[in-house]
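Engineer: Can you read through this structure? Questions will come right after.
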Amino acid sequence: MSDRKKVRNPEGREAVPEISEACAACPVHHAANLKKLGVDMSQWDFVVALAGNPNTGKSTVFNALTGLRQHTGNWPGKTVSRAEGGFEYRDHRFKLVDLPGTYSLLATSLDEEIARDFILFGQPDVTVVVVDATRLERNLNLVLQVLEITDRVVICLNLIDEAERHHLEIDHRRLARDLGVPVVPTSARYDEGLDELVQAISEVALGETRGKPYRITYNDPQLDRAVAELIAEIEEAIPELPNPEWVALRLLDGDQRIIEAVERGELGELHAGAAEPAARALEPRESSAAA
Amino acid sequence: MTKNTEDLLQKAQELRWKVGGDFHEKITESIYRNASRIADRAVRREDQEQAFDLDRTIDRLVTSRIWGFPIMLLLLTVVFWLTISGANYPSSLLADLLLDTVHPALKDLSAQLDIPAWIDGLLIDGGYLATAWVVSVMLPPMAIFFPLFTLLEDFGYLPRVAFNLDQLFKRAGAHGKQALSMTMGFGCNAAGIISTRIIESPRERLIAIITNNFALCNGRWPTQILIASLFIGSLVPARLAGLLSALTVVAVALLGVGLTFGVSWSLSRTVLRGEASTFTLELPPYRPPRVLQTLYTSLIDRTLIVLWRAVVFAFPAGLVLWSSANIQVGGASLAEHIIHFLDPVGILIGLNGVILVAYIVAIPANEIVIPTVLMLTVLVSGAAGVGEGAGVMFEMDSLEKTMEIFRAGGWTLLTGINLMLFSLIHNPCSTTIYTIYKETRSVKWTAVAALLPLVMGFIVTFFVAQLWRLGAG
């Protein structure tokens, strides 16, 4: 953590002459490369979505990376609208979008819908799922659902300090293997692990790491058959869709928003790259920080 | 829609019947099963004896049937008591600086530069004084209140408040999560209304939006605190004054909570009828608040933003007030005409014309009610010696001096009490009204949310005034 100061004050670099150039070139020594851009989000190269259950510290991670001061509070449901900020890392500019905290993406309330629509239609380059290490099982519900939609995911295993306090030990390497995407343990409140998080985000954004996401198994032959049948139809109607299985499940569930998207051909457009930014699917952004 | 997609949707429709109605549950169940398997493999819990669980012990206390509410009231009272007794001294320091030192210096400067009297009056006696007044009165209480409130929030106490209130909301036919949006409203109603998005059902969300205004907001706390110190605190010996004032403010805040329940109840039994939905409220772990960071963010996020808003509205309001006090129409100033016109209505409800004018001026920001009231009172009562002339906001270096102004304006204990009531029950500020419109997209519900509390305010103050006069007469 000796280079923590420099994160806050990049100009101070000269004051630490013992860091050699080799050091500075090493990807591990990236603190000096992180530049917090606050709300300056002009010409970003990548869009990063920040998802997670309520009260897992998403806003704290958001603030730590962007240098903004979205008000954080210790209660679920603090962020009900999207907040946006930016940071620059190794010559790439990232736009970070803080989504409302949700337990699932089944879209039963407005905040769940905002989060789901952004991950699906906003097509972020990376989706970071912030996970409460002390409540891993429940948090994984959301992670698994996100993994069904996209493979460009980084898991931020947050509140590691609290897990330690509760005598929980989490094998994050095993978790990463099981989930098939990078897992970074952090303690955002105390500024720990964020360097590694930024590194992982950038690797996924640049395609240096490619996830092989875990697929939910249903152990239900009838269901599996129905899904398989529908996937065949989907692939015919909307070729090259990255997540036909997920769409099949949503259609079977009668998800109105997804049915509409299929009717209007939005899903196909998305994949053909012809989609206008999904902003139209989203609420106008506004900050509840002024509270 | 192409043929392919039509086929696809058709097929989905057919298959949906085949897989049966418990499909949703099957999916959810599978997700849980998968998640639990992965979690089991990754988590190792150190075996140890069931240690003393501090979190659970605190929870048992603060959400207990017996102690839950008393602890809540105690915490609120302590917060206000610290605010009221702590803000006095820095307030008078700031008043000394901004009003007694900087203001005369500015006047001297403008005299030396030969600036025309009307520009000097408009800018220095109008705009500057209004702004300085707002800063010296609002900054100290806010700088104490917000950090304290934020510390409680950071610690994790707010969800426990919601937990305690949940049952009451349900009984009122509203959503338990309304407790959270209401708590948020104690900071700012506009933010509270945005936070109602966590409520799924549109019916319950509307109830939460309409009643959010009964949560006393930032802009109104200072009014409550000042009037409580002046009119209620002065009823008892000095050493008890702070405590009694704090209790009074708590009582007003509780009345607001009571009105929230009452109005929610009436709405859910009349125009917004329906069942209350159930939900699970998660009690987050207690986290040791990071004191320094909390102080910093609450100063930046809340105190300065709210103060800035007040200043932005106070300066132009100062200009308008000074002008209206100095433009003569038929032997009296414009301001006097308006005040005399509104006086009968004001007096009928135990207030006066000045207060009503102040509430019209303060539609953009509740924060400037008190400065406006003081300035206009000086103007109409012609309280000599306190003000420096028509439309000048005078020095306020001590509470007694302010009290003198009020007495000169014919204020009684009833005026004080009714002002506190009216400050709690009146239309939301323009920012909040606009937010309500943006969230509901309905002119009708926006109008209801804006006018309902105003009408209620008139009714409540009217009856209080009649009863008071009956009792006194």
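Letters for chains follow the order of the structure tokens (A, B, ...), residue numbers begin at 1 for each chain, and ligand numbers begin at 1 in the order shown.
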For B:Leu61, list every protein, DNA or RNA residue within 12 Å, evaluated using only C-alpha atoms, and leave out those in the same chain fewer than 3 positions away; present the list as a PyMOL selection string.
Structural biologist: chain B and resi 54-58+64-72+157+160+164
Engineer: Could those residues be written to a file, using N, CA and C atoms, as a PDB file, in the first residue's frame?
Structural biologist:
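File selection11.pdb, as written:
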ATOM      1  N   LEU B  54     -22.208  -9.236  18.854  1.00  0.00           N
ATOM      2  CA  LEU B  54     -22.535  -7.861  19.215  1.00  0.00           C
ATOM      3  C   LEU B  54     -23.688  -7.336  18.357  1.00  0.00           C
ATOM      4  N   ASP B  55     -23.582  -7.594  17.034  1.00  0.00           N
ATOM      5  CA  ASP B  55     -24.613  -7.105  16.116  1.00  0.00           C
ATOM      6  C   ASP B  55     -25.998  -7.520  16.566  1.00  0.00           C
ATOM      7  N   ARG B  56     -26.081  -8.822  16.898  1.00  0.00           N
ATOM      8  CA  ARG B  56     -27.402  -9.318  17.224  1.00  0.00           C
ATOM      9  C   ARG B  56     -27.910  -8.755  18.542  1.00  0.00           C
ATOM     10  N   THR B  57     -26.995  -8.549  19.453  1.00  0.00           N
ATOM     11  CA  THR B  57     -27.399  -7.989  20.735  1.00  0.00           C
ATOM     12  C   THR B  57     -27.923  -6.568  20.556  1.00  0.00           C
ATOM     13  N   ILE B  58     -27.202  -5.773  19.758  1.00  0.00           N
ATOM     14  CA  ILE B  58     -27.665  -4.402  19.520  1.00  0.00           C
ATOM     15  C   ILE B  58     -29.021  -4.428  18.831  1.00  0.00           C
ATOM     16  N   SER B  64     -36.409  -3.815  19.634  1.00  0.00           N
ATOM     17  CA  SER B  64     -37.294  -4.519  20.554  1.00  0.00           C
ATOM     18  C   SER B  64     -38.627  -3.790  20.673  1.00  0.00           C
ATOM     19  N   ARG B  65     -39.666  -4.536  21.008  1.00  0.00           N
ATOM     20  CA  ARG B  65     -40.994  -3.963  21.111  1.00  0.00           C
ATOM     21  C   ARG B  65     -41.049  -2.859  22.165  1.00  0.00           C
ATOM     22  N   ILE B  66     -40.334  -3.096  23.252  1.00  0.00           N
ATOM     23  CA  ILE B  66     -40.394  -2.154  24.363  1.00  0.00           C
ATOM     24  C   ILE B  66     -39.427  -0.995  24.161  1.00  0.00           C
ATOM     25  N   TRP B  67     -38.189  -1.322  23.797  1.00  0.00           N
ATOM     26  CA  TRP B  67     -37.166  -0.279  23.775  1.00  0.00           C
ATOM     27  C   TRP B  67     -36.985   0.404  22.424  1.00  0.00           C
ATOM     28  N   GLY B  68     -37.489  -0.227  21.351  1.00  0.00           N
ATOM     29  CA  GLY B  68     -37.272   0.309  20.010  1.00  0.00           C
ATOM     30  C   GLY B  68     -37.642   1.777  19.881  1.00  0.00           C
ATOM     31  N   PHE B  69     -38.886   2.117  20.219  1.00  0.00           N
ATOM     32  CA  PHE B  69     -39.326   3.495  20.041  1.00  0.00           C
ATOM     33  C   PHE B  69     -38.674   4.475  21.012  1.00  0.00           C
ATOM     34  N   PRO B  70     -38.592   4.128  22.318  1.00  0.00           N
ATOM     35  CA  PRO B  70     -37.903   5.066  23.214  1.00  0.00           C
ATOM     36  C   PRO B  70     -36.469   5.359  22.765  1.00  0.00           C
ATOM     37  N   ILE B  71     -35.748   4.338  22.295  1.00  0.00           N
ATOM     38  CA  ILE B  71     -34.371   4.578  21.863  1.00  0.00           C
ATOM     39  C   ILE B  71     -34.344   5.503  20.655  1.00  0.00           C
ATOM     40  N   MET B  72     -35.293   5.300  19.752  1.00  0.00           N
ATOM     41  CA  MET B  72     -35.383   6.152  18.582  1.00  0.00           C
ATOM     42  C   MET B  72     -35.594   7.607  18.993  1.00  0.00           C
ATOM     43  N   TYR B 157     -28.036   2.480  11.484  1.00  0.00           N
ATOM     44  CA  TYR B 157     -29.216   2.611  12.334  1.00  0.00           C
ATOM     45  C   TYR B 157     -30.505   2.813  11.532  1.00  0.00           C
ATOM     46  N   ARG B 160     -32.909   0.029  10.879  1.00  0.00           N
ATOM     47  CA  ARG B 160     -33.593  -0.387  12.114  1.00  0.00           C
ATOM     48  C   ARG B 160     -34.799   0.503  12.364  1.00  0.00           C
ATOM     49  N   ASN B 164     -38.606  -0.752  12.669  1.00  0.00           N
ATOM     50  CA  ASN B 164     -39.552  -0.398  13.720  1.00  0.00           C
ATOM     51  C   ASN B 164     -40.858   0.146  13.154  1.00  0.00           C
TER      52      ASN B 164
END
Engineer: At a cut-off of 7 Å, which residues of chain B touch chain A? Count only C-alpha atoms and give the answer as a ChimeraX atom specification.
Structural biologist: /B:1,4-5,8,12,15-16,19,23-24,30-32,34-36,38-39,42-46,153-156,159,187-188,191,195,197-198,200,284,301-302,305
Engineer: Write out the residues from the selection above, keeping N, CA, C and O atoms, as a compact mmCIF listing (two decimals), in the first residue's frame.
Structural biologist:
# COMPACT_ATOMS: atom_id res chain seq x y z
N MET B 1 -42.28 -6.80 -37.55
CA MET B 1 -41.93 -8.11 -37.02
C MET B 1 -41.82 -9.10 -38.18
O MET B 1 -42.73 -9.21 -38.99
N ASN B 4 -39.89 -14.96 -38.84
CA ASN B 4 -39.10 -15.74 -37.88
C ASN B 4 -39.42 -15.38 -36.44
O ASN B 4 -39.61 -16.26 -35.60
N THR B 5 -39.45 -14.07 -36.16
CA THR B 5 -39.69 -13.68 -34.77
C THR B 5 -41.12 -14.03 -34.37
O THR B 5 -41.38 -14.38 -33.24
N LEU B 8 -41.11 -17.52 -33.48
CA LEU B 8 -40.40 -17.68 -32.20
C LEU B 8 -41.32 -17.39 -31.02
O LEU B 8 -41.42 -18.19 -30.08
N ALA B 12 -42.69 -19.87 -28.17
CA ALA B 12 -42.46 -19.60 -26.75
C ALA B 12 -43.77 -19.70 -26.00
O ALA B 12 -43.84 -20.28 -24.91
N LEU B 15 -44.70 -23.37 -25.63
CA LEU B 15 -43.85 -24.07 -24.66
C LEU B 15 -44.14 -23.61 -23.24
O LEU B 15 -44.02 -24.38 -22.29
N ARG B 16 -44.52 -22.35 -23.12
CA ARG B 16 -44.79 -21.82 -21.79
C ARG B 16 -45.90 -22.63 -21.12
O ARG B 16 -45.87 -22.90 -19.93
N VAL B 19 -44.37 -26.13 -20.01
CA VAL B 19 -43.50 -26.25 -18.84
C VAL B 19 -44.25 -25.97 -17.55
O VAL B 19 -43.78 -26.29 -16.47
N PHE B 23 -42.90 -22.53 -13.43
CA PHE B 23 -41.65 -22.29 -14.12
C PHE B 23 -40.76 -21.29 -13.38
O PHE B 23 -39.58 -21.53 -13.13
N HIS B 24 -41.36 -20.17 -13.00
CA HIS B 24 -40.62 -19.12 -12.34
C HIS B 24 -39.94 -19.64 -11.08
O HIS B 24 -38.78 -19.38 -10.81
N SER B 30 -33.43 -23.23 -9.01
CA SER B 30 -32.18 -23.70 -9.61
C SER B 30 -31.05 -22.72 -9.38
O SER B 30 -29.93 -23.10 -9.07
N ILE B 31 -31.37 -21.42 -9.53
CA ILE B 31 -30.33 -20.42 -9.31
C ILE B 31 -29.81 -20.54 -7.88
O ILE B 31 -28.61 -20.57 -7.64
N TYR B 32 -30.73 -20.67 -6.93
CA TYR B 32 -30.32 -20.79 -5.53
C TYR B 32 -29.46 -22.03 -5.31
O TYR B 32 -28.45 -21.98 -4.63
N ASN B 34 -27.63 -23.72 -7.47
CA ASN B 34 -26.32 -23.55 -8.07
C ASN B 34 -25.45 -22.62 -7.23
O ASN B 34 -24.28 -22.90 -6.98
N ALA B 35 -26.04 -21.52 -6.80
CA ALA B 35 -25.28 -20.53 -6.02
C ALA B 35 -24.79 -21.16 -4.73
O ALA B 35 -23.63 -20.96 -4.32
N SER B 36 -25.65 -21.93 -4.11
CA SER B 36 -25.27 -22.49 -2.83
C SER B 36 -24.14 -23.50 -2.99
O SER B 36 -23.23 -23.60 -2.16
N ILE B 38 -21.76 -23.47 -5.33
CA ILE B 38 -20.51 -22.76 -5.58
C ILE B 38 -20.00 -22.10 -4.30
O ILE B 38 -18.81 -22.14 -3.99
N ALA B 39 -20.93 -21.51 -3.55
CA ALA B 39 -20.51 -20.82 -2.33
C ALA B 39 -19.91 -21.81 -1.34
O ALA B 39 -18.89 -21.55 -0.70
N ALA B 42 -16.34 -22.50 -1.91
CA ALA B 42 -15.37 -21.42 -1.78
C ALA B 42 -15.21 -20.91 -0.35
O ALA B 42 -14.19 -20.35 0.02
N VAL B 43 -16.25 -21.08 0.46
CA VAL B 43 -16.22 -20.47 1.79
C VAL B 43 -15.83 -21.49 2.85
O VAL B 43 -16.33 -22.61 2.87
N ARG B 44 -14.93 -21.08 3.70
CA ARG B 44 -14.59 -21.93 4.83
C ARG B 44 -14.82 -21.11 6.09
O ARG B 44 -14.33 -20.00 6.23
N ARG B 45 -15.63 -21.65 6.97
CA ARG B 45 -15.91 -20.92 8.21
C ARG B 45 -15.05 -21.52 9.30
O ARG B 45 -15.07 -22.73 9.51
N GLU B 46 -14.28 -20.69 9.92
CA GLU B 46 -13.44 -21.20 11.00
C GLU B 46 -14.34 -21.68 12.12
O GLU B 46 -15.21 -20.95 12.60
N GLU B 153 -26.47 7.07 10.08
CA GLU B 153 -26.77 6.37 8.84
C GLU B 153 -25.64 5.40 8.50
O GLU B 153 -25.87 4.25 8.14
N ASP B 154 -24.42 5.88 8.63
CA ASP B 154 -23.24 5.09 8.30
C ASP B 154 -23.13 3.87 9.22
O ASP B 154 -22.72 2.79 8.82
N PHE B 155 -23.53 4.06 10.44
CA PHE B 155 -23.45 3.00 11.44
C PHE B 155 -24.43 1.88 11.12
O PHE B 155 -24.20 0.72 11.43
N GLY B 156 -25.53 2.23 10.45
CA GLY B 156 -26.51 1.22 10.08
C GLY B 156 -27.80 1.33 10.88
O GLY B 156 -28.58 0.40 10.95
N PRO B 159 -31.90 1.50 8.78
CA PRO B 159 -32.76 0.34 8.48
C PRO B 159 -33.49 -0.17 9.71
O PRO B 159 -34.57 -0.73 9.60
N GLY B 187 -33.82 14.39 5.05
CA GLY B 187 -32.70 15.15 4.49
C GLY B 187 -33.22 16.12 3.46
O GLY B 187 -33.07 17.34 3.59
N CYS B 188 -33.89 15.59 2.45
CA CYS B 188 -34.38 16.44 1.38
C CYS B 188 -35.54 15.72 0.74
O CYS B 188 -35.43 14.56 0.37
N ALA B 191 -34.99 14.28 -2.79
CA ALA B 191 -34.23 13.02 -2.76
C ALA B 191 -35.11 11.89 -2.24
O ALA B 191 -35.05 10.77 -2.73
N SER B 195 -36.14 8.37 -4.08
CA SER B 195 -35.85 7.08 -3.45
C SER B 195 -37.09 6.18 -3.34
O SER B 195 -36.96 5.01 -3.01
N ARG B 197 -38.44 4.96 -5.65
CA ARG B 197 -38.34 3.99 -6.74
C ARG B 197 -38.11 2.57 -6.23
O ARG B 197 -38.31 1.62 -6.97
N ILE B 198 -37.67 2.43 -4.99
CA ILE B 198 -37.47 1.08 -4.47
C ILE B 198 -38.79 0.39 -4.18
O ILE B 198 -38.83 -0.78 -3.88
N GLU B 200 -42.16 -1.23 -5.40
CA GLU B 200 -42.56 -1.82 -6.68
C GLU B 200 -43.96 -1.39 -7.10
O GLU B 200 -44.18 -1.04 -8.24
N PRO B 284 -28.69 -4.55 7.60
CA PRO B 284 -27.27 -4.68 7.27
C PRO B 284 -26.45 -4.75 8.55
O PRO B 284 -26.94 -4.37 9.63
N ASP B 301 -21.26 16.99 0.76
CA ASP B 301 -22.47 16.52 0.09
C ASP B 301 -23.72 17.22 0.57
O ASP B 301 -24.59 17.54 -0.20
N ARG B 302 -23.81 17.37 1.85
CA ARG B 302 -25.09 17.87 2.36
C ARG B 302 -24.99 19.33 2.73
O ARG B 302 -25.65 20.17 2.15
N ILE B 305 -23.93 21.79 -0.18
CA ILE B 305 -24.89 21.80 -1.28
C ILE B 305 -26.18 22.50 -0.85
O ILE B 305 -26.71 23.35 -1.56
Engineer: Could you tell me how far atom CA of A:Val97 sits from atom CA of A:Ile201, in Å to one decimal place?
Structural biologist: 13.3 Å
Engineer: Fewer than 4 positions away in the same chain doesn't count, so skip those; otherwise give me all residues within 9 Å of A:Thr186, counting only C-alpha atoms, as a PyMOL selection string.
Structural biologist: chain A and resi 156-161+190-194+196-197
Engineer: Quick one: write out the picked residues with N, CA and C atoms as a CSV table (one decimal), in the first residue's frame?
Structural biologist:
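Wrote it out as again09.csv, contents follow:
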chain,number,residue,atom,x,y,z
A,156,CYS,N,-16.1,-8.4,-8.1
A,156,CYS,CA,-15.3,-7.7,-7.0
A,156,CYS,C,-15.8,-8.2,-5.7
A,157,LEU,N,-15.0,-9.1,-5.1
A,157,LEU,CA,-15.4,-9.7,-3.8
A,157,LEU,C,-15.1,-8.7,-2.7
A,158,ASN,N,-16.1,-7.9,-2.4
A,158,ASN,CA,-15.9,-6.8,-1.5
A,158,ASN,C,-16.2,-7.2,0.0
A,159,LEU,N,-15.9,-6.2,0.9
A,159,LEU,CA,-16.1,-6.4,2.3
A,159,LEU,C,-15.3,-7.6,2.8
A,160,ILE,N,-14.1,-7.8,2.2
A,160,ILE,CA,-13.3,-8.9,2.7
A,160,ILE,C,-12.9,-8.7,4.2
A,161,ASP,N,-12.7,-7.4,4.6
A,161,ASP,CA,-12.4,-7.2,6.0
A,161,ASP,C,-13.5,-7.6,6.9
A,190,TYR,N,-11.5,0.6,2.8
A,190,TYR,CA,-10.1,0.9,3.2
A,190,TYR,C,-9.2,0.9,2.1
A,191,ASP,N,-9.7,1.0,0.8
A,191,ASP,CA,-8.9,1.2,-0.4
A,191,ASP,C,-8.0,0.0,-0.7
A,192,GLU,N,-8.4,-1.1,-0.3
A,192,GLU,CA,-7.6,-2.3,-0.6
A,192,GLU,C,-8.1,-3.1,-1.7
A,193,GLY,N,-7.2,-3.5,-2.6
A,193,GLY,CA,-7.5,-4.4,-3.7
A,193,GLY,C,-8.0,-3.7,-4.9
A,194,LEU,N,-8.1,-2.3,-4.9
A,194,LEU,CA,-8.7,-1.6,-6.0
A,194,LEU,C,-7.8,-1.6,-7.2
A,196,GLU,N,-5.8,-4.0,-8.1
A,196,GLU,CA,-6.0,-5.2,-8.8
A,196,GLU,C,-7.3,-5.2,-9.6
A,197,LEU,N,-8.3,-4.6,-9.0
A,197,LEU,CA,-9.7,-4.6,-9.7
A,197,LEU,C,-9.6,-3.8,-11.0
Engineer: As a PyMOL selection string, please: the residues near A:Val146 (cut-off 10 Å, only C-alpha atoms, same-chain neighbours under 5 positions excluded).
Structural biologist: chain A and resi 51-52+104-105+116+119-120+127-129+140-141+151-153+213+246
Engineer: Export all heavy atoms of the chosen residues as a tab-separated table (two decimals), in the first residue's frame?
Structural biologist:
chain	number	residue	atom	x	y	z
A	51	ALA	N	-22.62	-3.51	-10.98
A	51	ALA	CA	-23.86	-4.10	-10.47
A	51	ALA	C	-23.57	-4.76	-9.14
A	51	ALA	O	-22.42	-4.86	-8.72
A	51	ALA	CB	-24.40	-5.13	-11.47
A	52	GLY	N	-24.61	-5.22	-8.47
A	52	GLY	CA	-24.41	-5.91	-7.19
A	52	GLY	C	-25.65	-5.84	-6.33
A	52	GLY	O	-26.57	-5.08	-6.63
A	104	SER	N	-31.78	-9.58	-7.93
A	104	SER	CA	-31.89	-10.43	-9.11
A	104	SER	C	-32.09	-9.54	-10.32
A	104	SER	O	-32.19	-8.32	-10.21
A	104	SER	CB	-33.05	-11.40	-8.95
A	104	SER	OG	-34.25	-10.78	-9.38
A	105	LEU	N	-32.15	-10.16	-11.49
A	105	LEU	CA	-32.39	-9.40	-12.71
A	105	LEU	C	-33.71	-9.82	-13.33
A	105	LEU	O	-33.92	-9.71	-14.51
A	105	LEU	CB	-31.25	-9.63	-13.70
A	105	LEU	CG	-29.88	-9.11	-13.27
A	105	LEU	CD1	-28.85	-9.42	-14.33
A	105	LEU	CD2	-29.93	-7.60	-13.03
A	116	ARG	N	-31.08	-4.34	-15.11
A	116	ARG	CA	-31.13	-5.37	-16.13
A	116	ARG	C	-31.01	-4.77	-17.52
A	116	ARG	O	-30.22	-5.21	-18.35
A	116	ARG	CB	-32.45	-6.13	-15.98
A	116	ARG	CG	-32.46	-7.50	-16.55
A	116	ARG	CD	-32.82	-7.54	-18.03
A	116	ARG	NE	-34.10	-6.95	-18.38
A	116	ARG	CZ	-35.28	-7.58	-18.29
A	116	ARG	NH1	-35.33	-8.79	-17.79
A	116	ARG	NH2	-36.37	-6.99	-18.68
A	119	ILE	N	-27.46	-3.67	-18.40
A	119	ILE	CA	-26.52	-4.75	-18.69
A	119	ILE	C	-26.85	-5.38	-20.04
A	119	ILE	O	-25.97	-5.71	-20.83
A	119	ILE	CB	-26.55	-5.81	-17.57
A	119	ILE	CG1	-26.10	-5.18	-16.26
A	119	ILE	CG2	-25.65	-6.99	-17.91
A	119	ILE	CD1	-26.23	-6.09	-15.07
A	120	LEU	N	-28.15	-5.49	-20.35
A	120	LEU	CA	-28.55	-6.14	-21.59
A	120	LEU	C	-28.47	-5.20	-22.79
A	120	LEU	O	-27.79	-5.48	-23.76
A	120	LEU	CB	-29.99	-6.67	-21.44
A	120	LEU	CG	-30.52	-7.43	-22.65
A	120	LEU	CD1	-29.72	-8.70	-22.86
A	120	LEU	CD2	-31.99	-7.78	-22.43
A	127	THR	N	-18.88	-5.75	-17.10
A	127	THR	CA	-19.81	-5.61	-15.99
A	127	THR	C	-19.10	-6.09	-14.73
A	127	THR	O	-18.67	-7.24	-14.66
A	127	THR	CB	-21.09	-6.44	-16.22
A	127	THR	OG1	-21.70	-6.01	-17.44
A	127	THR	CG2	-22.06	-6.26	-15.07
A	128	VAL	N	-18.94	-5.17	-13.78
A	128	VAL	CA	-18.34	-5.55	-12.51
A	128	VAL	C	-19.48	-5.87	-11.55
A	128	VAL	O	-20.38	-5.06	-11.37
A	128	VAL	CB	-17.49	-4.40	-11.94
A	128	VAL	CG1	-16.93	-4.78	-10.58
A	128	VAL	CG2	-16.36	-4.05	-12.89
A	129	VAL	N	-19.48	-7.07	-10.99
A	129	VAL	CA	-20.50	-7.39	-9.99
A	129	VAL	C	-19.83	-7.30	-8.62
A	129	VAL	O	-18.89	-8.04	-8.33
A	129	VAL	CB	-21.10	-8.79	-10.20
A	129	VAL	CG1	-22.27	-8.99	-9.26
A	129	VAL	CG2	-21.53	-8.98	-11.63
A	140	LEU	N	-24.34	-14.65	-4.95
A	140	LEU	CA	-24.06	-15.40	-6.18
A	140	LEU	C	-25.30	-15.55	-7.06
A	140	LEU	O	-25.19	-15.73	-8.27
A	140	LEU	CB	-23.47	-16.77	-5.85
A	140	LEU	CG	-22.00	-16.77	-5.42
A	140	LEU	CD1	-21.54	-18.17	-5.09
A	140	LEU	CD2	-21.12	-16.16	-6.49
A	141	ASN	N	-26.48	-15.45	-6.46
A	141	ASN	CA	-27.70	-15.50	-7.27
A	141	ASN	C	-27.66	-14.48	-8.38
A	141	ASN	O	-27.97	-14.76	-9.52
A	141	ASN	CB	-28.93	-15.23	-6.40
A	141	ASN	CG	-29.21	-16.40	-5.48
A	141	ASN	OD1	-29.00	-17.54	-5.85
A	141	ASN	ND2	-29.68	-16.10	-4.28
A	151	ASP	N	-20.44	-12.56	-20.84
A	151	ASP	CA	-19.24	-13.22	-20.30
A	151	ASP	C	-18.16	-12.20	-19.95
A	151	ASP	O	-17.09	-12.56	-19.50
A	151	ASP	CB	-18.72	-14.28	-21.27
A	151	ASP	CG	-18.42	-13.69	-22.65
A	151	ASP	OD1	-18.65	-12.47	-22.83
A	151	ASP	OD2	-17.96	-14.43	-23.52
A	152	ARG	N	-18.43	-10.93	-20.20
A	152	ARG	CA	-17.42	-9.91	-19.91
A	152	ARG	C	-17.65	-9.38	-18.50
A	152	ARG	O	-18.16	-8.28	-18.31
A	152	ARG	CB	-17.50	-8.80	-20.94
A	152	ARG	CG	-17.45	-9.37	-22.35
A	152	ARG	CD	-17.63	-8.28	-23.37
A	152	ARG	NE	-16.49	-7.40	-23.36
A	152	ARG	CZ	-15.68	-7.23	-24.41
A	152	ARG	NH1	-15.89	-7.86	-25.52
A	152	ARG	NH2	-14.66	-6.40	-24.31
A	153	VAL	N	-17.28	-10.19	-17.53
A	153	VAL	CA	-17.62	-9.90	-16.15
A	153	VAL	C	-16.37	-9.96	-15.27
A	153	VAL	O	-15.48	-10.79	-15.50
A	153	VAL	CB	-18.66	-10.92	-15.63
A	153	VAL	CG1	-18.92	-10.74	-14.15
A	153	VAL	CG2	-19.96	-10.80	-16.42
A	213	PRO	N	-18.04	-18.35	-18.74
A	213	PRO	CA	-18.93	-18.27	-17.58
A	213	PRO	C	-19.65	-19.57	-17.26
A	213	PRO	O	-19.97	-20.35	-18.14
A	213	PRO	CB	-19.94	-17.20	-17.99
A	213	PRO	CG	-19.86	-17.14	-19.46
A	213	PRO	CD	-18.48	-17.53	-19.86
A	246	TRP	N	-30.34	-17.52	-22.27
A	246	TRP	CA	-30.97	-16.58	-21.35
A	246	TRP	C	-32.27	-16.04	-21.94
A	246	TRP	O	-33.30	-15.96	-21.28
A	246	TRP	CB	-30.00	-15.44	-21.02
A	246	TRP	CG	-30.55	-14.50	-20.00
A	246	TRP	CD1	-30.60	-14.69	-18.67
A	246	TRP	CD2	-31.17	-13.24	-20.26
A	246	TRP	NE1	-31.21	-13.62	-18.06
A	246	TRP	CE2	-31.57	-12.72	-19.03
A	246	TRP	CE3	-31.43	-12.50	-21.42
A	246	TRP	CZ2	-32.19	-11.49	-18.90
A	246	TRP	CZ3	-32.05	-11.28	-21.29
A	246	TRP	CH2	-32.44	-10.79	-20.04
Engineer: Using atom CA of B:Ala162 and atom CA of B:Ile207 as the two end points, give the distance in Å to one decimal.
Structural biologist: 16.4 Å
Engineer: Among the residues of stretch 204-410 of chain B, find those DSSP assigns to strand (DSSP E) from the backbone and print them as an MDAnalysis selection string.
Structural biologist: chainID B and resid 328:329 332:333
Engineer: Pull N, CA, C and O atoms from the residues just selected and write them as a tab-separated table (two decimals), in the first residue's frame.
Structural biologist:
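And here's result.tsv as it stands now:
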chain	number	residue	atom	x	y	z
B	328	GLN	N	-42.47	52.84	-3.83
B	328	GLN	CA	-43.67	53.40	-3.20
B	328	GLN	C	-44.81	53.45	-4.19
B	328	GLN	O	-44.66	53.88	-5.32
B	329	VAL	N	-45.95	52.98	-3.75
B	329	VAL	CA	-47.17	53.10	-4.55
B	329	VAL	C	-48.24	53.69	-3.66
B	329	VAL	O	-48.62	53.07	-2.67
B	332	ALA	N	-47.52	54.08	0.27
B	332	ALA	CA	-46.93	52.97	1.01
B	332	ALA	C	-46.12	52.12	0.04
B	332	ALA	O	-46.31	52.20	-1.18
B	333	SER	N	-45.21	51.33	0.59
B	333	SER	CA	-44.38	50.51	-0.29
B	333	SER	C	-45.19	49.33	-0.82
B	333	SER	O	-46.21	48.94	-0.25
Engineer: Report the distance between atom CA of B:Leu93 and atom CA of B:Leu148 in Å, rounded to one decimal place.
Structural biologist: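 One can read the atom CA of B:Leu93 to atom CA of B:Leu148 distance as 21.8 Å.
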